[in-house]
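Student: Quick one, coords-v7.pdb (PDB, C-alpha atoms and all ligand atoms):
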ATOM      1  CA  MET A   1     -12.432  24.886  47.103
ATOM      2  CA  THR A   2      -9.465  26.423  48.806
ATOM      3  CA  ARG A   3      -5.955  25.203  48.309
ATOM      4  CA  THR A   4      -2.663  26.502  49.433
ATOM      5  CA  SER A   5       0.370  26.335  47.224
ATOM      6  CA  THR A   6       2.431  24.779  50.002
ATOM      7  CA  PRO A   7       3.095  21.092  49.408
ATOM      8  CA  SER A   8       2.406  18.863  52.370
ATOM      9  CA  VAL A   9       6.010  17.819  52.681
ATOM     10  CA  ALA A  10       8.485  19.447  54.974
ATOM     11  CA  VAL A  11      11.672  20.959  53.612
ATOM     12  CA  ARG A  12      14.465  18.672  54.634
ATOM     13  CA  THR A  13      18.164  18.380  54.446
ATOM     14  CA  VAL A  14      19.547  16.651  51.401
ATOM     15  CA  PRO A  15      19.720  12.883  51.864
ATOM     16  CA  ARG A  16      23.181  11.528  52.531
ATOM     17  CA  ARG A  17      23.053   8.071  51.072
ATOM     18  CA  LEU A  18      20.821   5.300  49.848
ATOM     19  CA  ARG A  19      19.671   2.815  52.463
ATOM     20  CA  THR A  20      20.276  -0.707  51.236
ATOM     21  CA  GLU A  21      20.182  -4.118  52.791
ATOM     22  CA  ASP A  22      23.877  -4.416  52.094
ATOM     23  CA  GLU A  23      25.371  -1.607  54.140
ATOM     24  CA  SER A  24      28.793  -2.216  52.617
ATOM     25  CA  ARG A  25      27.626  -0.701  49.342
ATOM     26  CA  PRO A  26      29.377   2.532  48.471
ATOM     27  CA  ALA A  27      27.688   5.595  49.920
ATOM     28  CA  THR A  28      25.915   7.924  47.538
ATOM     29  CA  SER A  29      25.162  11.530  48.162
ATOM     30  CA  SER A  30      22.405  12.417  45.755
ATOM     31  CA  THR A  31      18.664  11.983  45.556
ATOM     32  CA  ASN A  32      17.970  10.970  41.963
ATOM     33  CA  VAL A  33      14.279  10.589  41.245
ATOM     34  CA  VAL A  34      12.526   9.766  37.985
ATOM     35  CA  LEU A  35       8.762  10.201  37.618
ATOM     36  CA  ILE A  36       7.016   7.820  35.226
ATOM     37  CA  GLY A  37       3.400   8.073  34.206
ATOM     38  CA  PRO A  38       1.085   8.710  31.273
ATOM     39  CA  PRO A  39       0.380  12.232  30.066
ATOM     40  CA  GLY A  40      -1.801  13.964  32.627
ATOM     41  CA  ALA A  41      -0.615  11.797  35.521
ATOM     42  CA  GLY A  42       0.540  14.904  37.366
ATOM     43  CA  LYS A  43       4.273  14.429  36.846
ATOM     44  CA  GLY A  44       4.937  18.119  36.287
ATOM     45  CA  THR A  45       3.085  19.276  39.394
ATOM     46  CA  GLN A  46       4.652  16.597  41.578
ATOM     47  CA  ALA A  47       8.146  17.093  40.171
ATOM     48  CA  THR A  48       8.051  20.791  41.052
ATOM     49  CA  ARG A  49       6.820  20.158  44.595
ATOM     50  CA  LEU A  50       9.232  17.327  45.342
ATOM     51  CA  ALA A  51      12.206  19.131  43.906
ATOM     52  CA  ALA A  52      11.484  22.170  46.084
ATOM     53  CA  ALA A  53      11.152  19.974  49.177
ATOM     54  CA  LEU A  54      14.334  18.042  48.409
ATOM     55  CA  GLY A  55      16.365  21.066  47.383
ATOM     56  CA  VAL A  56      17.160  19.657  43.944
ATOM     57  CA  PRO A  57      16.133  20.850  40.464
ATOM     58  CA  ALA A  58      13.011  19.586  38.694
ATOM     59  CA  ILE A  59      13.948  18.776  35.123
ATOM     60  CA  SER A  60      11.084  18.528  32.647
ATOM     61  CA  THR A  61      12.114  17.506  29.157
ATOM     62  CA  GLY A  62       8.681  18.557  27.859
ATOM     63  CA  ASP A  63       9.255  22.079  29.227
ATOM     64  CA  MET A  64      12.768  22.167  27.783
ATOM     65  CA  LEU A  65      11.432  21.181  24.353
ATOM     66  CA  ARG A  66       8.575  23.705  24.539
ATOM     67  CA  ARG A  67      11.057  26.447  25.406
ATOM     68  CA  ALA A  68      13.118  25.444  22.376
ATOM     69  CA  VAL A  69       9.981  25.622  20.215
ATOM     70  CA  GLN A  70       9.141  29.084  21.568
ATOM     71  CA  SER A  71      12.652  30.359  20.966
ATOM     72  CA  GLY A  72      12.418  29.360  17.309
ATOM     73  CA  SER A  73      15.797  27.622  17.494
ATOM     74  CA  THR A  74      16.818  24.896  15.045
ATOM     75  CA  LEU A  75      16.070  22.335  17.741
ATOM     76  CA  GLY A  76      12.658  23.898  18.305
ATOM     77  CA  LEU A  77      11.763  23.765  14.623
ATOM     78  CA  ALA A  78      12.836  20.141  14.452
ATOM     79  CA  VAL A  79      10.799  18.970  17.450
ATOM     80  CA  LYS A  80       7.557  20.951  17.128
ATOM     81  CA  ALA A  81       5.945  18.762  14.467
ATOM     82  CA  VAL A  82       6.880  15.581  16.312
ATOM     83  CA  MET A  83       5.408  16.859  19.591
ATOM     84  CA  ASP A  84       2.213  18.004  17.878
ATOM     85  CA  ARG A  85       1.727  14.495  16.514
ATOM     86  CA  GLY A  86       2.091  13.010  20.011
ATOM     87  CA  GLU A  87       5.199  11.091  18.990
ATOM     88  CA  LEU A  88       8.583  10.895  20.651
ATOM     89  CA  ILE A  89      11.741  12.825  19.881
ATOM     90  CA  HIS A  90      14.676  10.565  18.975
ATOM     91  CA  ASP A  91      16.431   8.911  21.877
ATOM     92  CA  ALA A  92      19.859  10.172  20.846
ATOM     93  CA  MET A  93      18.689  13.795  20.709
ATOM     94  CA  MET A  94      16.883  13.546  24.055
ATOM     95  CA  THR A  95      19.860  11.887  25.698
ATOM     96  CA  GLU A  96      22.111  14.671  24.460
ATOM     97  CA  ILE A  97      19.758  17.316  25.877
ATOM     98  CA  VAL A  98      19.505  15.576  29.255
ATOM     99  CA  ALA A  99      23.242  14.866  29.409
ATOM    100  CA  ALA A 100      23.914  18.577  28.996
ATOM    101  CA  ARG A 101      21.392  19.459  31.713
ATOM    102  CA  LEU A 102      22.781  16.878  34.151
ATOM    103  CA  GLY A 103      26.211  18.341  33.531
ATOM    104  CA  GLU A 104      25.144  21.521  35.303
ATOM    105  CA  PRO A 105      26.322  21.877  38.909
ATOM    106  CA  ASP A 106      22.848  22.258  40.476
ATOM    107  CA  THR A 107      22.158  18.576  39.778
ATOM    108  CA  ARG A 108      25.027  17.369  41.924
ATOM    109  CA  SER A 109      22.847  16.700  44.967
ATOM    110  CA  GLY A 110      20.207  15.065  42.803
ATOM    111  CA  PHE A 111      17.224  15.846  40.606
ATOM    112  CA  VAL A 112      13.611  15.025  39.903
ATOM    113  CA  LEU A 113      13.277  14.073  36.246
ATOM    114  CA  ASP A 114       9.868  14.562  34.618
ATOM    115  CA  GLY A 115       9.490  13.138  31.116
ATOM    116  CA  PHE A 116      12.831  11.370  30.836
ATOM    117  CA  PRO A 117      13.493   8.516  30.430
ATOM    118  CA  ARG A 118      10.551   7.722  28.169
ATOM    119  CA  THR A 119      11.964   4.620  26.492
ATOM    120  CA  VAL A 120      14.095   1.740  27.712
ATOM    121  CA  ASP A 121      16.959   3.006  25.537
ATOM    122  CA  GLN A 122      16.745   6.372  27.308
ATOM    123  CA  ALA A 123      16.770   4.601  30.692
ATOM    124  CA  VAL A 124      19.913   2.714  29.714
ATOM    125  CA  ALA A 125      21.483   5.983  28.589
ATOM    126  CA  LEU A 126      20.533   7.602  31.897
ATOM    127  CA  ASP A 127      22.256   4.778  33.790
ATOM    128  CA  GLY A 128      25.390   5.626  31.842
ATOM    129  CA  LEU A 129      25.094   9.314  32.729
ATOM    130  CA  LEU A 130      24.620   8.511  36.409
ATOM    131  CA  GLU A 131      27.658   6.338  36.868
ATOM    132  CA  ARG A 132      29.269   7.278  40.166
ATOM    133  CA  ARG A 133      26.504   9.798  40.877
ATOM    134  CA  GLY A 134      24.425   7.560  43.084
ATOM    135  CA  ASP A 135      21.362   5.422  42.761
ATOM    136  CA  LEU A 136      18.048   6.285  41.275
ATOM    137  CA  ILE A 137      14.455   5.619  42.205
ATOM    138  CA  ALA A 138      11.592   5.541  39.729
ATOM    139  CA  VAL A 139       8.150   6.578  40.951
ATOM    140  CA  GLU A 140       5.221   5.493  38.814
ATOM    141  CA  LEU A 141       2.108   7.674  38.940
ATOM    142  CA  ALA A 142      -0.786   5.447  37.929
ATOM    143  CA  VAL A 143      -3.969   7.062  36.590
ATOM    144  CA  THR A 144      -7.004   5.841  34.679
ATOM    145  CA  GLU A 145      -7.602   6.845  31.069
ATOM    146  CA  ASN A 146     -10.796   8.725  31.996
ATOM    147  CA  ALA A 147      -8.957  10.840  34.519
ATOM    148  CA  ILE A 148      -6.269  11.572  31.926
ATOM    149  CA  ILE A 149      -8.689  12.793  29.279
ATOM    150  CA  ARG A 150     -10.545  14.932  31.819
ATOM    151  CA  ARG A 151      -7.379  16.486  33.228
ATOM    152  CA  LEU A 152      -5.682  17.168  29.928
ATOM    153  CA  SER A 153      -8.700  18.733  28.265
ATOM    154  CA  GLN A 154      -8.966  21.123  31.240
ATOM    155  CA  ARG A 155      -5.268  21.790  31.616
ATOM    156  CA  ARG A 156      -3.833  25.237  31.013
ATOM    157  CA  VAL A 157      -0.123  25.969  30.931
ATOM    158  CA  CYS A 158       1.676  29.257  31.513
ATOM    159  CA  GLU A 159       3.264  30.526  28.308
ATOM    160  CA  ARG A 160       5.993  32.258  30.315
ATOM    161  CA  CYS A 161       7.078  29.975  33.169
ATOM    162  CA  GLY A 162       5.617  26.728  31.848
ATOM    163  CA  CYS A 163       3.809  25.820  35.051
ATOM    164  CA  ASN A 164       0.618  23.780  34.928
ATOM    165  CA  ALA A 165      -2.642  25.345  36.033
ATOM    166  CA  ASP A 166      -5.395  22.750  36.118
ATOM    167  CA  PRO A 167      -8.466  23.081  38.360
ATOM    168  CA  GLY A 168      -6.521  21.448  41.187
ATOM    169  CA  SER A 169      -3.711  23.956  41.138
ATOM    170  CA  SER A 170      -3.209  27.051  43.225
ATOM    171  CA  GLN A 171      -3.262  29.295  40.171
ATOM    172  CA  ALA A 172      -6.683  28.128  39.096
ATOM    173  CA  ALA A 173      -8.005  28.107  42.644
ATOM    174  CA  SER A 174      -7.018  31.734  43.075
ATOM    175  CA  SER A 175      -9.544  32.723  40.434
ATOM    176  CA  GLU A 176     -12.571  31.178  42.102
ATOM    177  CA  VAL A 177     -15.712  32.958  41.021
ATOM    178  CA  ALA A 178     -18.482  34.083  43.360
ATOM    179  CA  GLY A 179     -20.523  31.127  44.527
ATOM    180  CA  GLY A 180     -17.454  29.001  45.119
ATOM    181  CA  ARG A 181     -17.311  27.374  41.697
ATOM    182  CA  PRO A 182     -13.756  26.994  40.426
ATOM    183  CA  ALA A 183     -12.999  28.852  37.234
ATOM    184  CA  PHE A 184     -10.023  28.821  34.932
ATOM    185  CA  ALA A 185      -7.552  31.521  35.683
ATOM    186  CA  THR A 186      -6.333  33.275  32.572
ATOM    187  CA  VAL A 187      -3.126  34.680  34.010
ATOM    188  CA  CYS A 188      -0.393  32.877  35.927
ATOM    189  CA  GLY A 189       1.106  34.192  39.171
ATOM    190  CA  CYS A 190       4.204  35.139  37.146
ATOM    191  CA  GLY A 191       2.133  37.339  34.827
ATOM    192  CA  GLY A 192       2.232  34.957  31.863
ATOM    193  CA  VAL A 193      -0.918  34.021  29.971
ATOM    194  CA  LEU A 194      -2.350  30.546  30.627
ATOM    195  CA  GLN A 195      -2.928  28.648  27.395
ATOM    196  CA  GLN A 196      -3.969  25.226  26.212
ATOM    197  CA  ARG A 197      -1.026  23.195  24.955
ATOM    198  CA  SER A 198      -1.159  22.474  21.232
ATOM    199  CA  ASP A 199      -0.844  18.743  21.990
ATOM    200  CA  ASP A 200      -3.711  18.720  24.523
ATOM    201  CA  THR A 201      -6.380  18.095  21.893
ATOM    202  CA  GLU A 202      -8.301  14.847  22.078
ATOM    203  CA  ALA A 203      -6.756  13.253  18.967
ATOM    204  CA  VAL A 204      -3.207  14.037  20.084
ATOM    205  CA  ILE A 205      -3.945  12.976  23.679
ATOM    206  CA  ARG A 206      -5.023   9.565  22.339
ATOM    207  CA  GLU A 207      -1.841   9.253  20.297
ATOM    208  CA  ARG A 208       0.250  10.231  23.345
ATOM    209  CA  LEU A 209      -1.497   7.526  25.363
ATOM    210  CA  ARG A 210      -0.702   4.961  22.661
ATOM    211  CA  THR A 211       2.896   6.146  22.606
ATOM    212  CA  TYR A 212       3.015   5.807  26.381
ATOM    213  CA  GLU A 213       1.699   2.242  26.346
ATOM    214  CA  ARG A 214       4.042   1.212  23.567
ATOM    215  CA  SER A 215       7.285   2.959  24.443
ATOM    216  CA  THR A 216       7.199   4.136  28.049
ATOM    217  CA  LYS A 217       5.224   1.481  29.953
ATOM    218  CA  PRO A 218       8.067  -1.062  29.495
ATOM    219  CA  LEU A 219      10.118   1.192  31.774
ATOM    220  CA  VAL A 220       7.935   0.169  34.697
ATOM    221  CA  ASP A 221       9.201  -3.412  34.382
ATOM    222  CA  PHE A 222      12.702  -2.212  33.672
ATOM    223  CA  TYR A 223      12.851  -0.442  37.063
ATOM    224  CA  ARG A 224      10.734  -3.029  38.880
ATOM    225  CA  ARG A 225      13.207  -5.786  37.974
ATOM    226  CA  ARG A 226      15.981  -3.938  39.729
ATOM    227  CA  ARG A 227      13.716  -3.087  42.671
ATOM    228  CA  ALA A 228      13.942   0.616  41.968
ATOM    229  CA  LEU A 229      10.230   1.133  41.270
ATOM    230  CA  ARG A 230       7.568   2.506  43.600
ATOM    231  CA  ALA A 231       3.973   2.876  42.384
ATOM    232  CA  ILE A 232       1.604   5.591  43.635
ATOM    233  CA  ASP A 233      -2.091   6.053  42.906
ATOM    234  CA  GLY A 234      -2.043   9.262  40.881
ATOM    235  CA  THR A 235      -5.821   9.693  40.864
ATOM    236  CA  GLN A 236      -5.742  10.904  44.468
ATOM    237  CA  ALA A 237      -5.740  14.585  45.415
ATOM    238  CA  PRO A 238      -2.429  16.249  44.480
ATOM    239  CA  ASP A 239      -1.444  16.927  48.128
ATOM    240  CA  LEU A 240      -1.955  13.277  49.009
ATOM    241  CA  VAL A 241       0.121  12.164  46.039
ATOM    242  CA  THR A 242       2.910  14.522  47.105
ATOM    243  CA  ALA A 243       2.824  13.161  50.653
ATOM    244  CA  GLN A 244       2.957   9.556  49.455
ATOM    245  CA  ILE A 245       5.830  10.106  47.041
ATOM    246  CA  SER A 246       7.673  11.966  49.751
ATOM    247  CA  LYS A 247       7.217   9.028  52.126
ATOM    248  CA  VAL A 248       8.496   6.617  49.511
ATOM    249  CA  ILE A 249      11.570   8.737  48.891
ATOM    250  CA  ASP A 250      12.165   8.968  52.641
ATOM    251  CA  ALA A 251      11.966   5.189  52.957
ATOM    252  CA  VAL A 252      14.445   4.615  50.156
ATOM    253  CA  PHE A 253      16.989   7.306  50.790
ATOM    254  CA  ASP A 254      18.549   7.528  54.194
ATOM    255  CA  HIS A 255      18.069  11.025  55.513
ATOM    256  CA  ALA A 256      20.054  10.414  58.663
ATOM    257  CA  ALA A 257      23.232  12.433  59.024
ATOM    258  CA  SER A 258      26.260  10.452  57.901
TER     259      SER A 258
HETATM  260  P1  LIG A 301       3.138  14.641  28.722
HETATM  261  O1  LIG A 301       2.026  15.450  29.310
HETATM  262  O2  LIG A 301       2.683  13.858  27.514
HETATM  263  O3  LIG A 301       3.855  13.797  29.730
HETATM  264  P2  LIG A 301       5.555  16.276  28.234
HETATM  265  O4  LIG A 301       5.428  17.721  28.474
HETATM  266  O5  LIG A 301       6.360  15.468  29.175
HETATM  267  O6  LIG A 301       4.071  15.706  28.070
HETATM  268  O7  LIG A 301       6.139  16.037  26.747
HETATM  269  C1  LIG A 301       5.521  16.605  25.628
HETATM  270  C2  LIG A 301       6.101  16.000  24.362
HETATM  271  O8  LIG A 301       7.506  16.257  24.298
HETATM  272  C3  LIG A 301       5.977  14.496  24.234
HETATM  273  O9  LIG A 301       4.714  14.096  23.740
HETATM  274  C4  LIG A 301       7.130  14.181  23.275
HETATM  275  O10 LIG A 301       6.797  14.494  21.951
HETATM  276  C5  LIG A 301       8.208  15.154  23.718
HETATM  277  N1  LIG A 301       9.116  14.574  24.746
HETATM  278  C6  LIG A 301       9.278  14.991  26.033
HETATM  279  N2  LIG A 301      10.175  14.243  26.681
HETATM  280  C7  LIG A 301      10.606  13.315  25.789
HETATM  281  C8  LIG A 301      11.531  12.229  25.845
HETATM  282  N3  LIG A 301      12.197  11.938  26.964
HETATM  283  N4  LIG A 301      11.704  11.487  24.717
HETATM  284  C9  LIG A 301      11.047  11.758  23.582
HETATM  285  N5  LIG A 301      10.171  12.750  23.464
HETATM  286  C10 LIG A 301       9.935  13.535  24.544
HETATM  287 ZN    ZN A 302       3.810  31.466  34.964
END
Can you turn what I pasted into structure tokens?
Tutor:
Amino acid sequence: MTRTSTPSVAVRTVPRRLRTEDESRPATSSTNVVLIGPPGAGKGTQATRLAAALGVPAISTGDMLRRAVQSGSTLGLAVKAVMDRGELIHDAMMTEIVAARLGEPDTRSGFVLDGFPRTVDQAVALDGLLERRGDLIAVELAVTENAIIRRLSQRRVCERCGCNADPGSSQAASSEVAGGRPAFATVCGCGGVLQQRSDDTEAVIRERLRTYERSTKPLVDFYRRRRALRAIDGTQAPDLVTAQISKVIDAVFDHAAS
């Protein structure tokens, strides 16, 4: 199995405005994308690829929280136990963290959010943060429970840069053993050690799935009602998923020069 690390989307100029049926709507200048999907849907991988192609930052709240845990900060101490139970951090705390991140200048032309919003309250808070910053599209990555369990139990994450290295990733593929069978890489391209996440055990995965169904799934309807939802089959090969999300984003945001 040979894979390249290049996503199958071309690097483009930043979209100028959202294409709507009502062309009199105010123009927006940012590409704001939210990825929704259960744990193991591939949000992290896709967020990184799309963000690179769109020239906007990928913002993963899970990564931000794991960095806080690693740093041993007060925030990290407070969230570690909650994460290891597969439960959610409080909406107010998450909103504060994301508000601070979206206040940074690199998000001005847009962002790909991975892991936020995770509740309807967070989605409402995000709407508030985005006032006058343009519209937002939510992309749902749909995957079956079997695929989730398989992916998460195999997943390895870089302790240094936080990237995912599952058997479908370039990092893992680069460590193919003789005979062509894929093997787990133990070291990331950045030099960091690849480890299993403490919440990727079967019991915690099941709790995260329950949490997803209960708290996050309602977001799908929330965005569907306002016609801001696009669903993609996340069980397909990662390159195909990237290409399909990219197409969806192209169809929604007008990439033509203003
Ligand atoms: P997953 O693979 O489950 O999508 P993430 O890396 O996105 O994992 O998140 C890991 C954990 O961090 C979650 O199970 C949750 O405890 C916490 N977390 C991340 N984002 C949020 C959020 N927006 N709201 C509440 N908790 C969050
Ligand atoms: Zn790394």
Student: Let me make sure I understand: among A:Arg133, A:Arg227, A:Arg208, A:Lys217, which one has the smallest atom-to-atom distance to ligand LIG 301 (chain A) if we use all atoms listed in the file?
Tutor: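 With all atoms listed in the file as the atom set, the closest residue is A:Arg208.
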Student: Choose the residue, out of A:Arg66, A:Arg118, A:Arg151, A:Arg226, that has the smallest atom-to-atom separation from Tyr212 of chain A; count all atoms listed in the file.
Tutor: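 Selected residue with least distance to Tyr212 of chain A: A:Arg118.
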Student: Neighbouring residues of Val33 of chain A were defined as those with any atom within 12 Å, considering only C-alpha atoms; residues of the same chain fewer than 6 positions away were excluded. Please report them as a PyMOL selection string.
Tutor: chain A and resi 43+46-48+50-51+54+56-59+107+109-117+126+130+134-140+223+228-230+245-246+248-250+252-253
Student: As an exercise, work out the distance from atom CA of Val124 of chain A to atom O3 of ligand LIG 301 (chain A) in Å and give it to one decimal place.
Tutor: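 Separation of atom CA of Val124 of chain A and atom O3 of ligand LIG 301 (chain A): 19.5 Å.
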Student: Name every residue that the PyMOL selection byres (((chain A and resi 192) around 7) and not hetatm) selects in this structure, writing the answer as a ChimeraX atom specification with chains first and numbers rising.
Tutor: /A:158-160,187-188,190-191,193-194
Student: Can you measure atom CA of Ala203 of chain A to atom CA of Arg150 of chain A for me? One decimal in Å is fine.
Tutor: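 Those two atoms sit 13.5 Å apart.
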Student: Kindly provide, as a list in words, the polymer residues lying within 12 Å of (20.3, 18.3, 22.8), counting all atoms listed in the file and using the coordinates exactly as they appear in the file.
Tutor: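 Nearby residues: Thr61, Met64, Leu65, Ala68, Ser73, Thr74, Leu75, Gly76, Ala78, Val79, Ile89, His90, Asp91, Ala92, Met93, Met94, Thr95, Glu96, Ile97, Val98, Ala99, Ala100, Arg101 and Leu102 of chain A.
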Student: Using Å and a single decimal, report how far atom C6 of ligand LIG 301 (chain A) sits from atom CA of Ala125 of chain A.
Tutor: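 Answer for the atom CA of Ala125 of chain A to atom C6 of ligand LIG 301 (chain A) separation: 15.4 Å.
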Student: Can you spell out as a list in words the set of residues that the PyMOL selection byres (((chain A and resi 205) around 9) and not hetatm) selects in the structure I just provided?
Tutor: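 Here the PyMOL selection byres (((chain A and resi 205) around 9) and not hetatm) matches Pro39, Gly86, Ile148, Ile149, Leu152, Ser153, Asp199, Asp200, Thr201, Glu202, Ala203, Val204, Arg206, Glu207, Arg208, Leu209 and Arg210 of chain A.
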Student: Name the closest residue to ligand ZN 302 (chain A) among the candidates A:Cys161, A:Gly44, A:Ser60, A:Ala123; distances are taken between atoms, counting all atoms listed in the file.
Tutor: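 Among the listed residues, A:Cys161 lies closest to ligand ZN 302 (chain A).
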Student: So which one's closest to Gln195 of chain A, A:Arg156, A:Arg49, A:Arg67, A:Arg108? Using only C-alpha atoms, please.
Tutor: A:Arg156
Student: I need the residue nearest ligand ZN 302 (chain A) from this list: A:Gly162, A:Gly37, A:Pro218, A:Gly128. Use only C-alpha atoms and all ligand atoms for the distance.
Tutor: A:Gly162
Student: Return the single residue from A:Ala52, A:Leu88, A:Ala41, A:Ser29 that is closest to ligand LIG 301 (chain A), with distances computed using all atoms listed in the file.
Tutor: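 Result for the nearest residue to ligand LIG 301 (chain A): A:Leu88.
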Student: Return as JSON the box centre and box size in Å, one decimal, for an axis-aligned box around all listed atoms of ligand LIG 301 (chain A) padded by 6 Å per side.
Tutor:
{"center_x": 7.1, "center_y": 14.6, "center_z": 25.8, "size_x": 22.2, "size_y": 18.2, "size_z": 19.8}
